[in-house]
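Source file: final_30.cif; contents: mmCIF, C-alpha atoms.
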data_protein
#
loop_
_atom_site.group_PDB
_atom_site.id
_atom_site.type_symbol
_atom_site.label_atom_id
_atom_site.label_comp_id
_atom_site.auth_asym_id
_atom_site.auth_seq_id
_atom_site.Cartn_x
_atom_site.Cartn_y
_atom_site.Cartn_z
ATOM 1 C CA ALA A 1250 112.237 118.207 45.868
ATOM 2 C CA PRO A 1251 115.797 118.630 47.232
ATOM 3 C CA SER A 1252 114.509 118.798 50.817
ATOM 4 C CA GLN A 1253 112.664 115.497 50.362
ATOM 5 C CA ARG A 1254 115.796 113.822 48.980
ATOM 6 C CA LEU A 1255 117.782 115.100 51.954
ATOM 7 C CA ALA A 1256 115.139 113.754 54.362
ATOM 8 C CA GLN A 1257 115.722 110.271 52.987
ATOM 9 C CA VAL A 1258 119.457 110.531 53.714
ATOM 10 C CA PHE A 1259 119.245 111.573 57.358
ATOM 11 C CA PRO A 1260 118.532 108.740 59.797
ATOM 12 C CA PRO A 1261 116.262 109.162 62.835
ATOM 13 C CA PRO A 1262 115.983 111.069 65.091
ATOM 14 C CA VAL A 1263 116.363 113.964 62.574
ATOM 15 C CA ASP A 1264 112.840 114.318 61.171
ATOM 16 C CA SER A 1265 111.759 115.644 57.815
ATOM 17 C CA SER A 1266 110.488 118.988 59.158
ATOM 18 C CA PHE A 1267 113.893 119.764 60.639
ATOM 19 C CA VAL A 1268 115.625 118.797 57.388
ATOM 20 C CA ALA A 1269 113.281 121.033 55.407
ATOM 21 C CA PHE A 1270 113.958 123.927 57.767
ATOM 22 C CA ALA A 1271 117.722 123.362 57.594
ATOM 23 C CA PHE A 1272 117.593 123.134 53.795
ATOM 24 C CA SER A 1273 115.690 126.401 53.646
ATOM 25 C CA CYS A 1274 118.298 128.136 55.825
ATOM 26 C CA ALA A 1275 121.126 126.730 53.735
ATOM 27 C CA ARG A 1276 119.459 127.856 50.510
ATOM 28 C CA ARG A 1277 119.074 131.404 51.833
ATOM 29 C CA GLU A 1278 122.732 131.402 52.890
ATOM 30 C CA HIS A 1279 123.746 130.172 49.452
ATOM 31 C CA THR A 1280 121.748 132.952 47.798
ATOM 32 C CA ARG A 1281 123.338 135.566 50.069
ATOM 33 C CA ARG A 1282 126.840 134.353 49.225
ATOM 34 C CA ALA A 1283 126.073 134.180 45.516
ATOM 35 C CA ARG A 1284 125.131 137.855 45.524
ATOM 36 C CA SER A 1285 128.324 138.900 47.346
ATOM 37 C CA GLU A 1286 130.848 136.625 45.563
ATOM 38 C CA PRO A 1287 131.939 136.646 41.893
ATOM 39 C CA ARG A 1288 129.922 134.415 39.611
ATOM 40 C CA HIS A 1289 131.414 131.195 38.261
ATOM 41 C CA ILE A 1290 130.456 129.382 35.120
ATOM 42 C CA GLY A 1291 128.751 126.094 35.759
ATOM 43 C CA LYS A 1292 126.059 124.695 37.992
ATOM 44 C CA PRO A 1293 126.273 125.846 41.611
ATOM 45 C CA HIS A 1294 126.562 123.228 44.346
ATOM 46 C CA LEU A 1295 124.715 123.342 47.634
ATOM 47 C CA HIS A 1296 126.206 121.561 50.638
ATOM 48 C CA LEU A 1297 124.328 120.829 53.838
ATOM 49 C CA VAL A 1298 125.811 119.041 56.838
ATOM 50 C CA VAL A 1299 123.924 118.203 60.015
ATOM 51 C CA SER A 1300 126.670 116.723 62.175
ATOM 52 C CA VAL A 1301 125.325 116.555 65.713
ATOM 53 C CA ARG A 1302 122.251 114.544 66.638
ATOM 54 C CA PRO A 1303 120.841 113.326 69.943
ATOM 55 C CA PHE A 1304 120.422 109.648 70.764
ATOM 56 C CA LEU A 1305 116.929 108.153 70.634
ATOM 57 C CA ALA A 1306 115.848 109.092 74.180
ATOM 58 C CA MET A 1307 117.040 110.603 77.409
ATOM 59 C CA GLU A 1308 118.021 108.040 80.033
ATOM 60 C CA THR A 1309 116.342 108.540 83.406
ATOM 61 C CA SER A 1310 116.604 106.405 86.519
ATOM 62 C CA LEU A 1311 116.144 106.297 90.281
ATOM 63 C CA ARG A 1312 119.316 105.518 92.259
ATOM 64 C CA PHE A 1313 120.072 104.609 95.853
ATOM 65 C CA ASP A 1314 123.488 103.829 97.336
ATOM 66 C CA SER A 1315 124.777 102.615 100.682
ATOM 67 C CA ARG A 1316 127.123 105.573 101.189
ATOM 68 C CA THR A 1317 124.672 108.491 101.201
ATOM 69 C CA LYS A 1318 121.489 106.451 101.773
ATOM 70 C CA HIS A 1319 119.651 109.024 99.667
ATOM 71 C CA LEU A 1320 117.309 108.417 96.743
ATOM 72 C CA CYS A 1321 118.383 110.384 93.665
ATOM 73 C CA LEU A 1322 116.710 111.116 90.343
ATOM 74 C CA PHE A 1323 119.282 110.746 87.567
ATOM 75 C CA ALA A 1324 119.087 111.848 83.917
ATOM 76 C CA LYS A 1325 121.538 111.531 81.034
ATOM 77 C CA GLU A 1326 121.507 112.639 77.412
ATOM 78 C CA LYS A 1327 124.008 111.767 74.677
ATOM 79 C CA PHE A 1328 124.764 113.614 71.443
ATOM 80 C CA SER A 1329 126.927 112.198 68.662
ATOM 81 C CA ASN A 1330 128.010 112.864 65.104
ATOM 82 C CA ASP A 1331 129.347 110.847 62.191
ATOM 83 C CA ASP A 1332 132.966 111.474 63.254
ATOM 84 C CA ASN A 1333 132.479 109.432 66.468
ATOM 85 C CA TYR A 1334 132.474 112.438 68.776
ATOM 86 C CA VAL A 1335 130.109 111.939 71.724
ATOM 87 C CA LEU A 1336 128.918 114.567 74.189
ATOM 88 C CA THR A 1337 127.323 113.189 77.353
ATOM 89 C CA VAL A 1338 125.483 115.487 79.764
ATOM 90 C CA SER A 1339 124.169 114.057 83.024
ATOM 91 C CA GLY A 1340 122.755 115.296 86.297
ATOM 92 C CA SER A 1341 121.225 114.031 89.516
ATOM 93 C CA LEU A 1342 118.782 115.494 92.015
ATOM 94 C CA ASP A 1343 118.919 114.345 95.634
ATOM 95 C CA THR A 1344 115.301 113.880 96.726
ATOM 96 C CA LYS A 1345 116.224 114.296 100.415
ATOM 97 C CA ASP A 1346 118.179 117.567 100.541
ATOM 98 C CA GLY A 1347 117.630 118.905 97.000
ATOM 99 C CA ARG A 1348 121.340 118.854 96.111
ATOM 100 C CA VAL A 1349 122.048 118.904 92.372
ATOM 101 C CA GLU A 1350 125.144 117.399 90.787
ATOM 102 C CA SER A 1351 126.006 117.486 87.084
ATOM 103 C CA ARG A 1352 128.699 116.312 84.686
ATOM 104 C CA ALA A 1353 129.617 116.945 81.059
ATOM 105 C CA TYR A 1354 131.870 114.594 79.130
ATOM 106 C CA VAL A 1355 133.034 114.920 75.524
ATOM 107 C CA ARG A 1356 135.090 112.187 73.918
ATOM 108 C CA LYS A 1357 136.354 110.923 70.597
ATOM 109 C CA LYS A 1358 135.897 107.207 69.944
ATOM 110 C CA PHE A 1359 138.444 105.154 67.980
ATOM 111 C CA PHE A 1360 138.108 101.545 66.865
ATOM 112 C CA PRO A 1361 141.609 100.155 66.204
ATOM 113 C CA ASP A 1362 140.546 96.564 65.551
ATOM 114 C CA ALA A 1363 144.156 95.448 65.160
ATOM 115 C CA PHE A 1364 144.928 95.541 68.885
ATOM 116 C CA LEU A 1365 142.034 97.117 70.824
ATOM 117 C CA SER A 1366 138.259 96.989 70.579
ATOM 118 C CA ARG A 1367 137.804 100.675 71.388
ATOM 119 C CA VAL A 1368 139.708 103.739 72.594
ATOM 120 C CA ASP A 1369 138.074 106.818 74.128
ATOM 121 C CA MET A 1370 139.928 110.109 74.446
ATOM 122 C CA GLY A 1371 138.398 113.288 75.850
ATOM 123 C CA LEU A 1372 137.720 115.535 78.800
ATOM 124 C CA SER A 1373 135.035 115.976 81.427
ATOM 125 C CA TYR A 1374 133.818 118.478 83.991
ATOM 126 C CA ALA A 1375 131.962 117.591 87.192
ATOM 127 C CA THR A 1376 130.438 120.068 89.610
ATOM 128 C CA THR A 1377 131.418 117.888 92.569
ATOM 129 C CA ALA A 1378 135.134 118.316 91.853
ATOM 130 C CA ASP A 1379 134.868 121.702 90.085
ATOM 131 C CA ASP A 1380 137.711 120.635 87.818
ATOM 132 C CA VAL A 1381 138.339 119.643 84.224
ATOM 133 C CA THR A 1382 139.690 116.116 83.828
ATOM 134 C CA TYR A 1383 141.527 114.868 80.747
ATOM 135 C CA GLY A 1384 141.792 111.181 80.007
ATOM 136 C CA ILE A 1385 142.251 108.310 77.622
ATOM 137 C CA ALA A 1386 140.879 104.796 78.055
ATOM 138 C CA GLY A 1387 140.964 101.582 76.073
ATOM 139 C CA LYS A 1388 139.184 98.234 76.062
ATOM 140 C CA LYS A 1389 139.929 94.839 74.565
ATOM 141 C CA SER A 1390 137.124 92.272 74.414
ATOM 142 C CA PHE A 1391 137.492 88.529 74.020
ATOM 143 C CA GLU A 1392 134.518 86.322 73.190
ATOM 144 C CA LEU A 1393 134.792 83.104 75.178
ATOM 145 C CA THR A 1394 131.842 81.361 73.525
ATOM 146 C CA ASP A 1395 130.701 81.047 69.927
ATOM 147 C CA ASP A 1396 127.408 82.829 70.629
ATOM 148 C CA GLY A 1397 129.218 85.870 72.075
ATOM 149 C CA LEU A 1398 127.224 85.806 75.311
ATOM 150 C CA THR A 1399 130.296 85.221 77.500
ATOM 151 C CA THR A 1400 133.053 87.810 77.195
ATOM 152 C CA LEU A 1401 136.257 88.780 78.950
ATOM 153 C CA ASP A 1402 137.028 92.508 78.873
ATOM 154 C CA VAL A 1403 140.366 94.069 79.745
ATOM 155 C CA LYS A 1404 140.051 97.799 80.455
ATOM 156 C CA GLY A 1405 142.652 100.433 81.234
ATOM 157 C CA GLY A 1406 142.968 104.184 81.292
ATOM 158 C CA VAL A 1407 144.722 107.214 82.665
ATOM 159 C CA SER A 1408 143.184 110.548 83.683
ATOM 160 C CA MET A 1409 144.442 113.779 85.169
ATOM 161 C CA GLY A 1410 142.687 116.863 86.480
ATOM 162 C CA SER A 1411 143.830 120.365 85.653
ATOM 163 C CA LYS A 1412 144.341 121.033 89.381
ATOM 164 C CA ALA A 1413 145.902 117.662 90.196
ATOM 165 C CA ARG A 1414 149.603 117.023 90.657
ATOM 166 C CA GLY A 1415 149.561 113.486 89.335
ATOM 167 C CA ALA A 1416 147.628 111.155 87.087
ATOM 168 C CA ASP A 1417 145.124 108.496 88.128
ATOM 169 C CA LEU A 1418 145.517 105.042 86.637
ATOM 170 C CA ASP A 1419 142.665 102.589 86.155
ATOM 171 C CA ALA A 1420 142.983 98.934 85.199
ATOM 172 C CA ARG A 1421 140.436 96.168 85.541
ATOM 173 C CA VAL A 1422 139.370 92.804 84.174
ATOM 174 C CA GLU A 1423 135.693 91.857 83.772
ATOM 175 C CA LEU A 1424 133.941 88.583 83.017
ATOM 176 C CA THR A 1425 130.412 89.078 81.655
ATOM 177 C CA GLN A 1426 127.663 86.541 81.045
ATOM 178 C CA LYS A 1427 124.451 87.475 79.215
ATOM 179 C CA ILE A 1428 121.345 85.325 79.622
ATOM 180 C CA PHE A 1429 118.514 86.014 77.213
ATOM 181 C CA ASN A 1430 114.973 85.013 78.225
ATOM 182 C CA PHE A 1431 115.979 83.988 81.730
ATOM 183 C CA GLN A 1432 112.282 84.285 82.393
ATOM 184 C CA GLU A 1433 109.633 85.285 79.880
ATOM 185 C CA ASP A 1434 110.483 88.818 78.637
ATOM 186 C CA GLN A 1435 113.367 89.020 81.116
ATOM 187 C CA ASP A 1436 117.068 89.188 80.257
ATOM 188 C CA LEU A 1437 119.969 89.051 82.708
ATOM 189 C CA LYS A 1438 123.552 90.253 82.630
ATOM 190 C CA LEU A 1439 126.001 88.983 85.245
ATOM 191 C CA ARG A 1440 129.382 90.652 85.648
ATOM 192 C CA LEU A 1441 132.325 89.857 87.889
ATOM 193 C CA GLY A 1442 135.301 92.184 87.863
ATOM 194 C CA PHE A 1443 138.624 92.838 89.552
ATOM 195 C CA ASP A 1444 140.037 96.348 90.038
ATOM 196 C CA LEU A 1445 143.822 96.007 89.766
ATOM 197 C CA GLY A 1446 144.477 99.432 91.300
ATOM 198 C CA LYS A 1447 142.283 98.990 94.364
ATOM 199 C CA LYS A 1448 142.822 95.217 94.425
ATOM 200 C CA LYS A 1449 139.104 94.682 94.950
ATOM 201 C CA VAL A 1450 136.525 92.359 93.450
ATOM 202 C CA TYR A 1451 133.182 93.798 92.365
ATOM 203 C CA GLY A 1452 130.044 92.468 90.780
ATOM 204 C CA GLN A 1453 126.920 93.520 88.930
ATOM 205 C CA ILE A 1454 123.531 91.945 88.292
ATOM 206 C CA ARG A 1455 121.409 93.645 85.658
ATOM 207 C CA GLU A 1456 117.826 92.841 84.751
ATOM 208 C CA ASN A 1457 115.589 94.621 82.233
ATOM 209 C CA ASN A 1458 115.175 97.694 84.436
ATOM 210 C CA TRP A 1459 117.039 96.870 87.650
ATOM 211 C CA THR A 1460 120.804 97.081 88.220
ATOM 212 C CA PHE A 1461 122.605 96.109 91.420
ATOM 213 C CA ASN A 1462 126.324 96.818 91.982
ATOM 214 C CA THR A 1463 128.441 95.717 94.922
ATOM 215 C CA ASP A 1464 132.080 95.431 96.012
ATOM 216 C CA PHE A 1465 131.189 92.438 98.205
ATOM 217 C CA GLN A 1466 132.273 94.410 101.294
ATOM 218 C CA ASP A 1467 130.523 97.562 102.455
ATOM 219 C CA LYS A 1468 129.501 99.409 99.290
ATOM 220 C CA TRP A 1469 126.512 98.766 97.068
ATOM 221 C CA ASP A 1470 124.017 100.682 94.964
ATOM 222 C CA VAL A 1471 120.796 99.924 93.134
ATOM 223 C CA ARG A 1472 119.314 101.587 90.061
ATOM 224 C CA TYR A 1473 115.894 101.428 88.419
ATOM 225 C CA ASP A 1474 115.618 102.668 84.824
ATOM 226 C CA LEU A 1475 112.446 104.607 84.137
#
Encoded form (structure tokens):
Amino acid sequence: APSQRLAQVFPPPVDSSFVAFAFSCARREHTRRARSEPRHIGKPHLHLVVSVRPFLAMETSLRFDSRTKHLCLFAKEKFSNDDNYVLTVSGSLDTKDGRVESRAYVRKKFFPDAFLSRVDMGLSYATTADDVTYGIAGKKSFELTDDGLTTLDVKGGVSMGSKARGADLDARVELTQKIFNFQEDQDLKLRLGFDLGKKKVYGQIRENNWTFNTDFQDKWDVRYDL
């Protein structure tokens, strides 16, 4: 059946029941248009496009930072399509005072292999700032070892809010080391970076579920992925 053939084309997480439902809706729409438009000689063609799909699972985590000293429940969901557009919706709930913060970010991803590894261009809205921010960011990665476990990343970007008078620049260099099977069923990622704008060094240690970030001065935060 046509719906079964379409189900084989769509990758997860779009399941066969959704494809069958979408095919049924498209077939009814095609029939409606055929009745209202002049007939053409030849076999009619039916087109069906399902462009937006969610990622495999929502990301949830518990977070605690040295600034607020509050435990927050964080959740994030990503949606993408075949044209490399990504919509990210995230939110956090402060378990101490019940404050809710949220952010929506839509971007277009480019992969100009000739000179950069990736370029993101888009806009975001955060309830904390109550402003729309436009930005573009790029990254160039260099593999320092043959196995690709040690990399040097050069990142840069510029952003500007609709209410701001000037743009914010961001530039940083990061050295990352991945260690697989550090212990049995445990992987590690070590990262050391330098923020050129703030002229500060920062670091990250990431285990299977735990992530610890610090600026080696007075700021740190810890995250546990659920």
Which residue out of A:Arg1312, A:Arg1472, A:Arg1414, A:Lys1438 has the minimum interatomic distance to Thr1344 (chain A) when only C-alpha atoms are used?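 Once distances to Thr1344 (chain A) are computed over only C-alpha atoms, the minimum belongs to A:Arg1312.
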I'd like to know which of A:Lys1357, A:Lys1468, A:Lys1325, A:Arg1440 is closest to Gln1426 (chain A), using only C-alpha atoms.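 The shortest atom-to-atom distance to Gln1426 (chain A) comes from A:Arg1440.
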Using all atoms listed in the file: which of A:Asp1343, A:Ser1408, A:Asp1464, A:Thr1376 has the shortest distance to Lys1318 (chain A):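 Nearest candidate to Lys1318 (chain A) out of A:Asp1343, A:Ser1408, A:Asp1464, A:Thr1376: A:Asp1343.
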Where does the PyMOL selection byres ((chain A and resi 1384) around 6) land in this file, that is, which residues does it pick, as a PDB file with C-alpha atoms, in the coordinates of the input?
ATOM      1  CA  MET A1370     139.928 110.109  74.446  1.00  0.00           C
ATOM      2  CA  GLY A1371     138.398 113.288  75.850  1.00  0.00           C
ATOM      3  CA  TYR A1383     141.527 114.868  80.747  1.00  0.00           C
ATOM      4  CA  ILE A1385     142.251 108.310  77.622  1.00  0.00           C
ATOM      5  CA  VAL A1407     144.722 107.214  82.665  1.00  0.00           C
ATOM      6  CA  SER A1408     143.184 110.548  83.683  1.00  0.00           C
TER       7      SER A1408
END
I'd like the contact shell of Gln1435 (chain A) - 12 Å cut-off, all atoms listed in the file, skipping same-chain residues fewer than 2 positions apart - returned as a list in words.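 With the cut-off at 12 Å, the set is Lys1427, Ile1428, Phe1429, Asn1430, Phe1431, Gln1432, Glu1433, Leu1437, Lys1438, Arg1455, Glu1456, Asn1457, Asn1458 and Trp1459 of chain A.
With all atoms listed in the file as the basis for measurement, A:Val1403 is the residue among A:Val1403, A:Leu1322, A:Val1381, A:Ala1413 that approaches Arg1367 (chain A) most closely.
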Pairwise distance for CA of Glu1423 (chain A) and CA of Leu1401 (chain A), rounded to one decimal in Å: 5.7 Å
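Atom to atom, CA of Ala1420 (chain A) and CA of Gln1453 (chain A) stand 17.4 Å apart.
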Since I can't run it myself right now, could you work out what the PyMOL selection byres ((chain A and resi 1365) around 9) selects here and report it as a PyMOL selection string? chain A and resi 1360-1364+1366-1368+1387-1390
Selection result of the PyMOL selection byres ((chain A and resi 1375) around 10) on this file, as a list in words: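 Given this file, the PyMOL selection byres ((chain A and resi 1375) around 10) evaluates to Ser1339, Gly1340, Glu1350, Ser1351, Arg1352, Ala1353, Tyr1354, Ser1373, Tyr1374, Thr1376, Thr1377, Ala1378, Asp1379, Asp1380, Val1381 and Thr1382 of chain A.
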Mind listing whatever residues come within 10 Å of the point (128.3, 94.2, 97.5)? Use all atoms listed in the file, file coordinates, and give them as a PDB file with C-alpha atoms, in the coordinates of the input.
ATOM      1  CA  SER A1315     124.777 102.615 100.682  1.00  0.00           C
ATOM      2  CA  VAL A1450     136.525  92.359  93.450  1.00  0.00           C
ATOM      3  CA  TYR A1451     133.182  93.798  92.365  1.00  0.00           C
ATOM      4  CA  GLY A1452     130.044  92.468  90.780  1.00  0.00           C
ATOM      5  CA  GLN A1453     126.920  93.520  88.930  1.00  0.00           C
ATOM      6  CA  PHE A1461     122.605  96.109  91.420  1.00  0.00           C
ATOM      7  CA  ASN A1462     126.324  96.818  91.982  1.00  0.00           C
ATOM      8  CA  THR A1463     128.441  95.717  94.922  1.00  0.00           C
ATOM      9  CA  ASP A1464     132.080  95.431  96.012  1.00  0.00           C
ATOM     10  CA  PHE A1465     131.189  92.438  98.205  1.00  0.00           C
ATOM     11  CA  GLN A1466     132.273  94.410 101.294  1.00  0.00           C
ATOM     12  CA  ASP A1467     130.523  97.562 102.455  1.00  0.00           C
ATOM     13  CA  LYS A1468     129.501  99.409  99.290  1.00  0.00           C
ATOM     14  CA  TRP A1469     126.512  98.766  97.068  1.00  0.00           C
ATOM     15  CA  ASP A1470     124.017 100.682  94.964  1.00  0.00           C
TER      16      ASP A1470
END
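With all atoms listed in the file taken into account, the protein and nucleic acid residues at most 8 Å from Leu1475 (chain A) (excluding it and anything under 4 positions from it in its own chain) are Glu1308, Thr1309, Ser1310, Leu1311 and Asn1458 of chain A.
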Just write the chosen residues, C-alpha atoms, as a short mmCIF file (atom, residue, chain, number, x, y, z; two decimals), in the coordinates of the input.
data_model
loop_
_atom_site.label_atom_id
_atom_site.label_comp_id
_atom_site.auth_asym_id
_atom_site.auth_seq_id
_atom_site.Cartn_x
_atom_site.Cartn_y
_atom_site.Cartn_z
CA GLU A 1308 118.02 108.04 80.03
CA THR A 1309 116.34 108.54 83.41
CA SER A 1310 116.60 106.40 86.52
CA LEU A 1311 116.14 106.30 90.28
CA ASN A 1458 115.18 97.69 84.44
#
